[in-house]
Protein chains: 2
Amino acid sequence: MWPNTRITKMLKIKYPIIQAPMAGGITSPELVAAVSNAGGLGSLGAGYMRAEEIRLAILRIRALTKKPFAVNLFVPTKSRATQKQMDNMVKILKTTCKSVCSDIHPVTSPYCPTFDSQMTVLIEEKIPVFSFTFGVPEIKWLKKLRHNKTKIIGTATSVAEAEMLEIFGIDCMVAQGFEAGDHRGTFIGECDDSLIGNFALIPQIVDNVKMPVIASGGIMDARGIVAAMMLGAEAVQMGTAFISCSESGAHPDYKKMLLKSKEDNTVLTRSFSGKLARGIKNKFIQSMVPYQDCIMDYPIQHVLTQQIRKEAYKKGQVDYMSLWAGQAAYLSSGVSANELIQSLDGDVKNIFHKGKALLMCQKNNIRTKS
Amino acid sequence: MWPNTRITKMLKIKYPIIQAPMAGGITSPELVAAVSNAGGLGSLGAGYMRAEEIRLAILRIRALTKKPFAVNLFVPTKSRATQKQMDNMVKILKTTCKSVCSDIHPVTSPYCPTFDSQMTVLIEEKIPVFSFTFGVPEIKWLKKLRHNKTKIIGTATSVAEAEMLEIFGIDCMVAQGFEAGDHRGTFIGECDDSLIGNFALIPQIVDNVKMPVIASGGIMDARGIVAAMMLGAEAVQMGTAFISCSESGAHPDYKKMLLKSKEDNTVLTRSFSGKLARGIKNKFIQSMVPYQDCIMDYPIQHVLTQQIRKEAYKKGQVDYMSLWAGQAAYLSSGVSANELIQSLDGDVKNIFHKGKALLMCQKNNIRTKS
C-alpha cells in the first residue's frame, strides 16, 4: 500500500507520480494520456507551443483520457539582444553546426508565442491542473485558474523561491534538485546559486513551507520514490524516466542514448536555449563551450538553435539534438508509460510492505530544527 | 530496530554512522572518541597532520575509547608551481587578505607531511580502520594494512572511481554526492565532471559494485539516513552534522554560522586549498573569484593560505576561515556527539518501526536495470 499524501487527494490521482512537463515534443498527447490513464498525472510541456497547438493537444489528450492531466507553461522572462550580438551568435552557430544545418538566421521579437495567448487557451479549456516554471504568473491568471478550480503547481529550486510561491497561495510545488534533467526553474537570483542536491533541497523546502512538496531530479525507480518520501516529499515528478517510454515523442536515437547509458553522462548547459538545462553531453554542447559569453538570453538562443535541432531530429544526428536527461538517466526502462507505472507500483508496494511503514511518510514525524 | 548491514558487522560498530574525517582540526580526538563511544565510527582527518601529531592523536583517542575508530589520509597528488606563479598568488593573497594577515610567503617543497611518514605511523599503530581520499594508496600500503587486519575505506564520486576502488579489493567505499561539504574526493577526470547528486549517485554506485556503499553528502538527520538506505547505501558518513557538536575543534563562530543558517548558503571553491571543496560562502571565497585561473595546485594553495586561516581563527574572523559545510548544514544541532547519535537512533527506530521495514534496506530487493 502506498502512503496517503495530500497530493493524490488534491490532484485526484491514484499514484503520487507526476510525469514532468518536458517541452519540445517529448510530452506527446499520447504520453500525457497514457500516464494519466495509468494513475499518475500526465503533463503537457507547452512552453514552446502556439495557442492553437496547445488547444489541439488538449483536445487530443481529452480524447485519450478522462483522467486529470496538467499543462505547463514558461512564465515570460526578460530578454535583450543587440543586432551585433545576434549576428555574432548566428555566425558561431553556422560554424559549429555546419554539418547539420545551414539555415540559421537572426530572429525578431516576439521570439515565441505570447504567454497571454497561451494562458487564454488554458482558461478557455478549463484544464484540471496548471503547472509553471521560471517565475510566478500574474495574479489575474491565478485568479482565473482558481475560478475554474484548476489546481496550480509551481517550481522552486531554493527556499527563497519556495517561500515566494507560498505567498501566492498556489496548491503545491515541485522542488527541483540539482540532479534534474531539462531546464532549471530558477527565478530568484542566478541559476548557479540554486544548484542544490535533493538530499539537501527536499528537507530544506519541506521544513520551510506548509504546502505539499513534489520532489524532482534523479528519481527513476521505486528506490528514488521512497527515498524522496522519506525526506518529506508527498509526490515525485519524474521526467527522464518517461522519455524512453514508447509513447514519448523523443527521437528513437535519443531514447537509445538513454537506454545504453551506464552512469551519469549529463552536463548543465545554456547553449541550446539560453537558460541553464541538464542534458547528455554531446558535440553541440562541447563545441559551444568556448562561446559561453556570447550565448543569447532565453528565448532568443532557443529560437536561433531551433532549426538546428529540427534538422538534427530529421537526420537522426544526436550530436546536435537537445538530449535533456537527469543524472540517473541510466535507469531508463524503455517500456510503455503504463508498464513503467505498474512496475513502480509493484516495487513501491514491496517497500511499503503491508502498510507497516506508512508512518514514515507523514511530514514532520521526524524531529527537525524548530 | 535498525536494518542489519554488512558495514556495521565489518567495522564492528553499533550504528551505520561514520563521522566524516574532516581535516584541519575539526575532528579532535575528543570528537572521534565521542562518536565511537556513542556507537558510530569516529574518524580522525589526518591529511594535514605530521606523523608524530597523528601518533599523539591516536594515543589520545585510544585513551578516550576502546571502540573502533578510523584515520583518514589524502593520497598524494601531483602539484607544480613556477616561482612566478607562486609570487603572483602571494601578491593576490596579500591584497585580498590584508585585513586579517600580512604574513604570507612563498613556500617550498615538500609542501606537506609525506604520505609515507604518515602511513608508517598508521601501520605501527595498527589502527582499526583506515580511510583515504583523492585516489588509491600504493599496493604495499594496502598489503600492510590488511596484514594488520585494518579495514580499508575508499572514496568515490563516480562509477568509474567506484569500479577502480573495487579492483583494489578494499573493504567498502564512501559515495560522495554533490551535496557534500569539504573536499571533493574526485581522482579520475576533473572534479567538475563528477558532481553527481546523491539521488543519482547512490543507486549508480550501488548498482555497479559488489562491496557495501556508504552514502555521504547532505545527510544530517534520520530522514537522510533512511533515504540513503532506501537508495541502497548500507551506512552513511556525516560530516557537517558533527562540526557543530560540542566536542568538535571547529571555531565557536563557525559553529554559530552553521546553527543560524536556514537554507543552503554553500559554494564550491578551490580558493582555500587548490582542490574543489564546499563551504559557506564568505568574503575570502568571493574576493578570490576573479583569480580562479591563478589558484595553485593542492597542496601549495593550502599551504599559502594556512597562515590566513590561522590568523582568522585566532581573531574570530569567519570571513577568512574555511567554513566547510554540506548543502543541508541548516539542520545542524549543536548538541554533543553522543546526544546527536542517540537522537538519530530514536528517530531512525521510529521510522523502522518494529522492524517491519527491514526488507527495504536489503540491497537489490528492488528491480534495477540488469
# chains A, B, ... in the order shown; residues from 1 in each chain; ligands from 1
>>> interface_residues(of="chain B", to="chain A", cutoff="7 Å", atoms="only C-alpha atoms", output="ChimeraX atom specification")
/B:159,178-179,196-200,204,218-219,223-224,226-228,230-231,263,327-328,331,347,351,356-357,360,366,369
>>> residues_around(residues="segment 27-41 of chain A", least_positions_apart="3", cutoff="10 Å", atoms="only C-alpha atoms", output="short mmCIF file (atom, residue, chain, number, x, y, z; two decimals) with N, CA and C atoms, in the first residue's frame")
data_model
loop_
_atom_site.label_atom_id
_atom_site.label_comp_id
_atom_site.auth_asym_id
_atom_site.auth_seq_id
_atom_site.Cartn_x
_atom_site.Cartn_y
_atom_site.Cartn_z
N THR A 8 -2.14 13.29 -3.81
CA THR A 8 -3.01 12.39 -4.57
C THR A 8 -4.46 12.83 -4.45
N LEU A 11 -4.93 16.30 -6.41
CA LEU A 11 -4.88 16.22 -7.87
C LEU A 11 -5.76 15.09 -8.41
N LYS A 12 -6.41 14.38 -7.51
CA LYS A 12 -7.31 13.27 -7.88
C LYS A 12 -6.59 12.23 -8.73
N ILE A 13 -5.42 11.81 -8.25
CA ILE A 13 -4.67 10.77 -8.96
C ILE A 13 -4.45 9.58 -8.03
N LYS A 14 -4.22 8.42 -8.61
CA LYS A 14 -4.04 7.20 -7.81
C LYS A 14 -2.65 7.16 -7.18
N TYR A 15 -1.63 7.44 -7.99
CA TYR A 15 -0.24 7.38 -7.51
C TYR A 15 0.35 8.79 -7.43
N PRO A 16 1.19 9.04 -6.43
CA PRO A 16 1.81 10.37 -6.32
C PRO A 16 2.97 10.52 -7.31
N ILE A 17 2.67 10.26 -8.57
CA ILE A 17 3.70 10.30 -9.62
C ILE A 17 3.26 11.28 -10.71
N ILE A 18 4.04 12.31 -10.91
CA ILE A 18 3.74 13.29 -11.95
C ILE A 18 4.78 13.15 -13.04
N GLN A 19 4.30 13.00 -14.26
CA GLN A 19 5.23 12.95 -15.39
C GLN A 19 5.62 14.40 -15.69
N ALA A 20 6.91 14.67 -15.69
CA ALA A 20 7.38 16.05 -15.81
C ALA A 20 7.02 16.63 -17.18
N PRO A 21 6.66 17.92 -17.18
CA PRO A 21 6.27 18.59 -18.42
C PRO A 21 7.49 19.02 -19.22
N MET A 22 8.02 18.12 -20.03
CA MET A 22 9.19 18.45 -20.83
C MET A 22 8.74 19.06 -22.16
N ALA A 23 9.24 20.26 -22.42
CA ALA A 23 8.83 20.93 -23.65
C ALA A 23 9.61 20.36 -24.83
N GLY A 24 9.20 20.71 -26.05
CA GLY A 24 9.96 20.31 -27.23
C GLY A 24 9.52 19.00 -27.84
N LEU A 44 1.52 18.08 -20.15
CA LEU A 44 1.92 18.57 -21.47
C LEU A 44 2.90 19.73 -21.27
N GLY A 45 4.10 19.58 -21.80
CA GLY A 45 5.07 20.67 -21.75
C GLY A 45 4.79 21.61 -22.91
N ALA A 46 4.04 22.68 -22.63
CA ALA A 46 3.53 23.52 -23.72
C ALA A 46 4.27 24.85 -23.86
N LEU A 56 -5.25 22.10 -29.58
CA LEU A 56 -5.36 20.81 -30.27
C LEU A 56 -4.82 19.67 -29.41
N ALA A 57 -3.68 19.94 -28.76
CA ALA A 57 -3.08 18.91 -27.90
C ALA A 57 -4.02 18.56 -26.74
N ILE A 58 -4.65 19.59 -26.16
CA ILE A 58 -5.59 19.35 -25.05
C ILE A 58 -6.77 18.50 -25.54
N LEU A 59 -7.29 18.85 -26.71
CA LEU A 59 -8.41 18.07 -27.27
C LEU A 59 -8.01 16.61 -27.46
N ARG A 60 -6.80 16.43 -27.97
CA ARG A 60 -6.29 15.08 -28.21
C ARG A 60 -6.14 14.31 -26.88
N ILE A 61 -5.57 15.00 -25.88
CA ILE A 61 -5.42 14.35 -24.56
C ILE A 61 -6.79 13.94 -24.04
N ARG A 62 -7.76 14.85 -24.16
CA ARG A 62 -9.10 14.56 -23.63
C ARG A 62 -9.80 13.44 -24.38
N ALA A 63 -9.41 13.27 -25.66
CA ALA A 63 -9.98 12.16 -26.42
C ALA A 63 -9.39 10.84 -25.95
N LEU A 64 -8.19 10.91 -25.37
CA LEU A 64 -7.48 9.69 -24.96
C LEU A 64 -7.66 9.33 -23.49
N THR A 65 -8.07 10.29 -22.68
CA THR A 65 -8.25 10.00 -21.24
C THR A 65 -9.33 10.87 -20.62
N LYS A 66 -9.99 10.31 -19.64
CA LYS A 66 -10.96 11.08 -18.85
C LYS A 66 -10.32 11.53 -17.54
N LYS A 67 -9.09 11.12 -17.30
CA LYS A 67 -8.40 11.41 -16.05
C LYS A 67 -7.78 12.82 -16.06
N PRO A 68 -7.45 13.34 -14.86
CA PRO A 68 -6.82 14.66 -14.80
C PRO A 68 -5.44 14.65 -15.47
N PHE A 69 -5.06 15.80 -16.00
CA PHE A 69 -3.74 15.98 -16.60
C PHE A 69 -3.32 17.43 -16.35
N ALA A 70 -2.06 17.73 -16.59
CA ALA A 70 -1.56 19.09 -16.39
C ALA A 70 -1.03 19.66 -17.70
N VAL A 71 -1.07 20.99 -17.78
CA VAL A 71 -0.38 21.69 -18.87
C VAL A 71 0.61 22.64 -18.22
N VAL A 129 -5.24 20.75 -14.22
CA VAL A 129 -4.04 21.15 -13.46
C VAL A 129 -3.15 22.02 -14.34
N GLN A 237 8.03 14.05 -9.17
CA GLN A 237 7.88 14.37 -10.59
C GLN A 237 9.03 13.69 -11.31
N GLY A 239 10.81 12.93 -14.98
CA GLY A 239 10.85 13.33 -16.39
C GLY A 239 11.58 12.29 -17.23
N PHE A 242 10.31 8.92 -18.24
CA PHE A 242 9.25 8.79 -19.25
C PHE A 242 9.74 9.08 -20.67
N ILE A 243 10.94 9.64 -20.81
CA ILE A 243 11.42 9.99 -22.16
C ILE A 243 11.58 8.74 -23.02
N CYS A 245 9.94 6.05 -22.79
CA CYS A 245 8.69 5.28 -22.94
C CYS A 245 8.23 5.27 -24.40
N SER A 246 7.53 4.22 -24.77
CA SER A 246 7.11 4.07 -26.17
C SER A 246 6.23 5.23 -26.63
N GLU A 247 5.43 5.83 -25.73
CA GLU A 247 4.52 6.89 -26.14
C GLU A 247 5.19 8.26 -26.26
N SER A 248 6.42 8.40 -25.79
CA SER A 248 7.03 9.73 -25.79
C SER A 248 7.43 10.14 -27.20
N GLY A 249 7.44 11.44 -27.45
CA GLY A 249 7.77 11.96 -28.77
C GLY A 249 9.26 12.11 -29.01
N ALA A 250 10.08 11.63 -28.08
CA ALA A 250 11.54 11.76 -28.25
C ALA A 250 12.01 10.93 -29.43
N SER A 336 6.47 0.89 -21.85
CA SER A 336 5.39 1.87 -22.03
C SER A 336 5.15 2.59 -20.71
N ALA A 337 4.50 3.75 -20.79
CA ALA A 337 4.23 4.52 -19.57
C ALA A 337 3.42 3.69 -18.59
N ASN A 338 2.47 2.94 -19.11
CA ASN A 338 1.64 2.12 -18.22
C ASN A 338 2.48 1.03 -17.55
N GLU A 339 3.31 0.37 -18.33
CA GLU A 339 4.18 -0.67 -17.74
C GLU A 339 5.11 -0.07 -16.69
N LEU A 340 5.64 1.11 -16.98
CA LEU A 340 6.55 1.75 -16.02
C LEU A 340 5.82 2.01 -14.71
N ILE A 341 4.65 2.62 -14.81
CA ILE A 341 3.91 2.96 -13.58
C ILE A 341 3.48 1.69 -12.84
N GLN A 342 3.06 0.68 -13.56
CA GLN A 342 2.68 -0.56 -12.89
C GLN A 342 3.88 -1.20 -12.19
N ASP A 345 4.59 0.74 -9.12
CA ASP A 345 3.57 0.40 -8.12
C ASP A 345 3.96 -0.88 -7.39
#
>>> select_by_dssp(residues="segment 117-308 of chain B", states="strand (DSSP E or B)", output="short mmCIF file (atom, residue, chain, number, x, y, z; two decimals) with N, CA and C atoms, in the first residue's frame")
data_model
loop_
_atom_site.label_atom_id
_atom_site.label_comp_id
_atom_site.auth_asym_id
_atom_site.auth_seq_id
_atom_site.Cartn_x
_atom_site.Cartn_y
_atom_site.Cartn_z
N VAL B 129 40.60 1.09 11.53
CA VAL B 129 40.03 1.41 10.22
C VAL B 129 40.85 2.54 9.58
N PHE B 130 41.15 2.37 8.28
CA PHE B 130 41.87 3.40 7.53
C PHE B 130 40.98 3.86 6.39
N SER B 131 40.80 5.16 6.25
CA SER B 131 40.05 5.65 5.09
C SER B 131 40.93 6.63 4.31
N PHE B 132 40.68 6.71 3.01
CA PHE B 132 41.52 7.58 2.18
C PHE B 132 40.70 8.32 1.13
N THR B 133 41.27 9.41 0.66
CA THR B 133 40.60 10.30 -0.29
C THR B 133 41.60 10.72 -1.36
N LYS B 151 40.61 -2.41 8.54
CA LYS B 151 39.60 -2.30 7.49
C LYS B 151 39.88 -1.03 6.67
N ILE B 152 39.60 -1.11 5.36
CA ILE B 152 40.00 -0.03 4.45
C ILE B 152 38.79 0.55 3.72
N ILE B 153 38.63 1.87 3.82
CA ILE B 153 37.51 2.57 3.19
C ILE B 153 38.03 3.58 2.17
N GLY B 154 37.57 3.47 0.91
CA GLY B 154 37.94 4.44 -0.11
C GLY B 154 36.83 5.46 -0.34
N THR B 155 37.06 6.40 -1.23
CA THR B 155 36.09 7.44 -1.54
C THR B 155 35.91 7.56 -3.04
N ALA B 156 34.65 7.50 -3.51
CA ALA B 156 34.36 7.61 -4.94
C ALA B 156 33.32 8.69 -5.18
N CYS B 172 35.15 -1.34 1.77
CA CYS B 172 33.91 -0.63 1.44
C CYS B 172 34.28 0.76 0.94
N MET B 173 33.28 1.47 0.43
CA MET B 173 33.62 2.79 -0.11
C MET B 173 32.54 3.82 0.21
N VAL B 174 33.01 5.04 0.35
CA VAL B 174 32.11 6.17 0.52
C VAL B 174 31.73 6.69 -0.86
N ALA B 175 30.42 6.86 -1.12
CA ALA B 175 29.96 7.54 -2.33
C ALA B 175 29.70 8.99 -1.93
N GLN B 176 30.49 9.88 -2.49
CA GLN B 176 30.39 11.30 -2.08
C GLN B 176 29.55 12.09 -3.07
N ASP B 182 33.19 20.11 2.46
CA ASP B 182 34.63 19.82 2.46
C ASP B 182 35.10 19.40 1.06
N HIS B 183 36.26 18.76 0.98
CA HIS B 183 36.87 18.48 -0.31
C HIS B 183 36.13 17.42 -1.13
N VAL B 213 28.31 0.17 0.22
CA VAL B 213 28.49 1.58 -0.09
C VAL B 213 27.99 2.45 1.08
N ILE B 214 28.80 3.45 1.41
CA ILE B 214 28.48 4.40 2.48
C ILE B 214 28.10 5.71 1.81
N ALA B 215 26.88 6.20 2.02
CA ALA B 215 26.46 7.44 1.37
C ALA B 215 26.95 8.65 2.14
N SER B 216 27.40 9.68 1.43
CA SER B 216 27.77 10.91 2.12
C SER B 216 27.37 12.12 1.30
N ALA B 235 25.37 2.33 4.92
CA ALA B 235 25.77 3.18 6.04
C ALA B 235 25.82 4.61 5.51
N VAL B 236 25.95 5.55 6.43
CA VAL B 236 26.09 6.95 6.00
C VAL B 236 27.35 7.53 6.62
N GLN B 237 27.93 8.48 5.93
CA GLN B 237 29.03 9.26 6.50
C GLN B 237 28.52 10.67 6.65
N MET B 238 28.56 11.19 7.87
CA MET B 238 28.04 12.52 8.15
C MET B 238 29.16 13.42 8.65
N THR B 266 26.08 27.46 0.77
CA THR B 266 27.43 26.97 0.48
C THR B 266 27.76 27.14 -0.99
N VAL B 267 29.03 26.96 -1.28
CA VAL B 267 29.51 27.11 -2.65
C VAL B 267 30.74 26.22 -2.82
N LEU B 268 31.00 25.79 -4.03
CA LEU B 268 32.21 25.02 -4.31
C LEU B 268 33.33 25.99 -4.66
N THR B 269 34.49 25.79 -4.04
CA THR B 269 35.60 26.70 -4.27
C THR B 269 36.93 25.96 -4.25
N ALA B 277 36.23 22.24 -3.06
CA ALA B 277 35.64 21.90 -1.77
C ALA B 277 34.41 22.77 -1.54
N ARG B 278 33.47 22.28 -0.73
CA ARG B 278 32.23 23.02 -0.47
C ARG B 278 32.25 23.63 0.92
N GLY B 279 31.98 24.91 0.98
CA GLY B 279 31.90 25.59 2.27
C GLY B 279 30.95 26.77 2.20
N ILE B 280 30.66 27.34 3.37
CA ILE B 280 29.79 28.51 3.42
C ILE B 280 30.48 29.67 2.70
#
>>> select_by_dssp(residues="segment 170-321 of chain B", states="alpha helix (DSSP H)", output="PyMOL selection string")
chain B and resi 198-206+222-230+240-243+252-260+283-288+300-315
>>> closest_residue(among="A:Ala312, A:Ala325, A:Ile123, A:Leu304", to="Ile92 of chain A", atoms="only C-alpha atoms")
A:Leu304
>>> atom_distance(atom1="atom CA of Arg6 of chain B", atom2="atom CA of Asn148 of chain B")
20.3 Å
>>> atom_distance(atom1="atom CA of Asn282 of chain A", atom2="atom CA of Glu311 of chain A")
15.7 Å
>>> closest_residue(among="A:Pro113, A:Pro252, A:Pro128, A:Pro137", to="Gly316 of chain A", atoms="only C-alpha atoms")
A:Pro252
>>> closest_residue(among="B:Ser244, B:Ser261, B:Ser273, B:Gln118", to="Glu53 of chain B", atoms="only C-alpha atoms")
B:Gln118
>>> atom_distance(atom1="atom CA of Ile127 of chain A", atom2="atom CA of Met49 of chain A")
16.0 Å
>>> closest_residue(among="A:Glu138, A:Asp103, A:Glu161, A:Glu166", to="Pro76 of chain A", atoms="only C-alpha atoms")
A:Glu138
>>> residues_around(residues="Ile285 of chain B", least_positions_apart="6", cutoff="9 Å", atoms="only C-alpha atoms", output="ChimeraX atom specification")
/B:267,269-272,319-320,322
>>> decode(residues="segment 149-179 of chain A", atoms="N, CA and C atoms", output="compact mmCIF listing (two decimals), in the first residue's frame")
# COMPACT_ATOMS: atom_id res chain seq x y z
N LYS A 149 -11.37 26.23 -10.87
CA LYS A 149 -10.99 25.10 -9.99
C LYS A 149 -9.80 24.30 -10.54
N THR A 150 -9.00 24.98 -11.35
CA THR A 150 -7.76 24.37 -11.83
C THR A 150 -6.74 24.36 -10.69
N LYS A 151 -6.13 23.22 -10.44
CA LYS A 151 -5.09 23.14 -9.41
C LYS A 151 -3.79 23.70 -9.98
N ILE A 152 -3.01 24.38 -9.13
CA ILE A 152 -1.84 25.11 -9.61
C ILE A 152 -0.56 24.62 -8.95
N ILE A 153 0.41 24.26 -9.78
CA ILE A 153 1.70 23.75 -9.29
C ILE A 153 2.83 24.67 -9.76
N GLY A 154 3.63 25.17 -8.80
CA GLY A 154 4.80 25.99 -9.14
C GLY A 154 6.08 25.17 -9.07
N THR A 155 7.20 25.81 -9.38
CA THR A 155 8.50 25.14 -9.36
C THR A 155 9.50 25.98 -8.59
N ALA A 156 10.18 25.36 -7.62
CA ALA A 156 11.18 26.07 -6.80
C ALA A 156 12.49 25.32 -6.81
N THR A 157 13.59 26.08 -6.82
CA THR A 157 14.91 25.46 -6.75
C THR A 157 15.66 25.90 -5.49
N SER A 158 14.97 26.67 -4.64
CA SER A 158 15.59 27.15 -3.39
C SER A 158 14.49 27.47 -2.39
N VAL A 159 14.88 27.67 -1.15
CA VAL A 159 13.90 28.02 -0.12
C VAL A 159 13.29 29.39 -0.43
N ALA A 160 14.10 30.32 -0.90
CA ALA A 160 13.59 31.67 -1.22
C ALA A 160 12.46 31.57 -2.25
N GLU A 161 12.65 30.75 -3.26
CA GLU A 161 11.61 30.59 -4.28
C GLU A 161 10.39 29.87 -3.72
N ALA A 162 10.63 28.88 -2.88
CA ALA A 162 9.52 28.13 -2.28
C ALA A 162 8.66 29.06 -1.43
N GLU A 163 9.30 29.94 -0.67
CA GLU A 163 8.56 30.88 0.17
C GLU A 163 7.78 31.87 -0.69
N MET A 164 8.39 32.28 -1.78
CA MET A 164 7.71 33.19 -2.71
C MET A 164 6.47 32.51 -3.28
N LEU A 165 6.58 31.27 -3.71
CA LEU A 165 5.43 30.54 -4.27
C LEU A 165 4.33 30.42 -3.23
N GLU A 166 4.74 30.18 -1.98
CA GLU A 166 3.72 30.01 -0.93
C GLU A 166 2.89 31.28 -0.73
N ILE A 167 3.56 32.42 -0.86
CA ILE A 167 2.85 33.69 -0.70
C ILE A 167 1.72 33.82 -1.72
N PHE A 168 1.94 33.29 -2.92
CA PHE A 168 0.94 33.43 -3.98
C PHE A 168 -0.21 32.43 -3.84
N GLY A 169 -0.13 31.59 -2.80
CA GLY A 169 -1.27 30.72 -2.50
C GLY A 169 -1.60 29.70 -3.57
N ILE A 170 -0.57 29.17 -4.24
CA ILE A 170 -0.83 28.09 -5.18
C ILE A 170 -1.07 26.80 -4.39
N ASP A 171 -1.27 25.68 -5.06
CA ASP A 171 -1.68 24.48 -4.35
C ASP A 171 -0.53 23.59 -3.88
N CYS A 172 0.49 23.46 -4.69
CA CYS A 172 1.64 22.66 -4.29
C CYS A 172 2.82 23.08 -5.16
N MET A 173 3.99 22.57 -4.84
CA MET A 173 5.15 22.99 -5.62
C MET A 173 6.12 21.85 -5.85
N VAL A 174 6.79 21.93 -6.97
CA VAL A 174 7.86 21.00 -7.30
C VAL A 174 9.17 21.57 -6.74
N ALA A 175 9.90 20.74 -6.00
CA ALA A 175 11.26 21.11 -5.58
C ALA A 175 12.20 20.46 -6.58
N GLN A 176 12.88 21.29 -7.35
CA GLN A 176 13.73 20.76 -8.43
C GLN A 176 15.19 20.67 -7.98
N GLY A 177 15.66 19.47 -7.76
CA GLY A 177 17.03 19.27 -7.29
C GLY A 177 18.06 19.39 -8.41
N PHE A 178 19.31 19.50 -7.99
CA PHE A 178 20.46 19.59 -8.90
C PHE A 178 20.48 18.46 -9.93
N GLU A 179 19.97 17.29 -9.54
CA GLU A 179 20.05 16.10 -10.39
C GLU A 179 19.15 16.20 -11.62
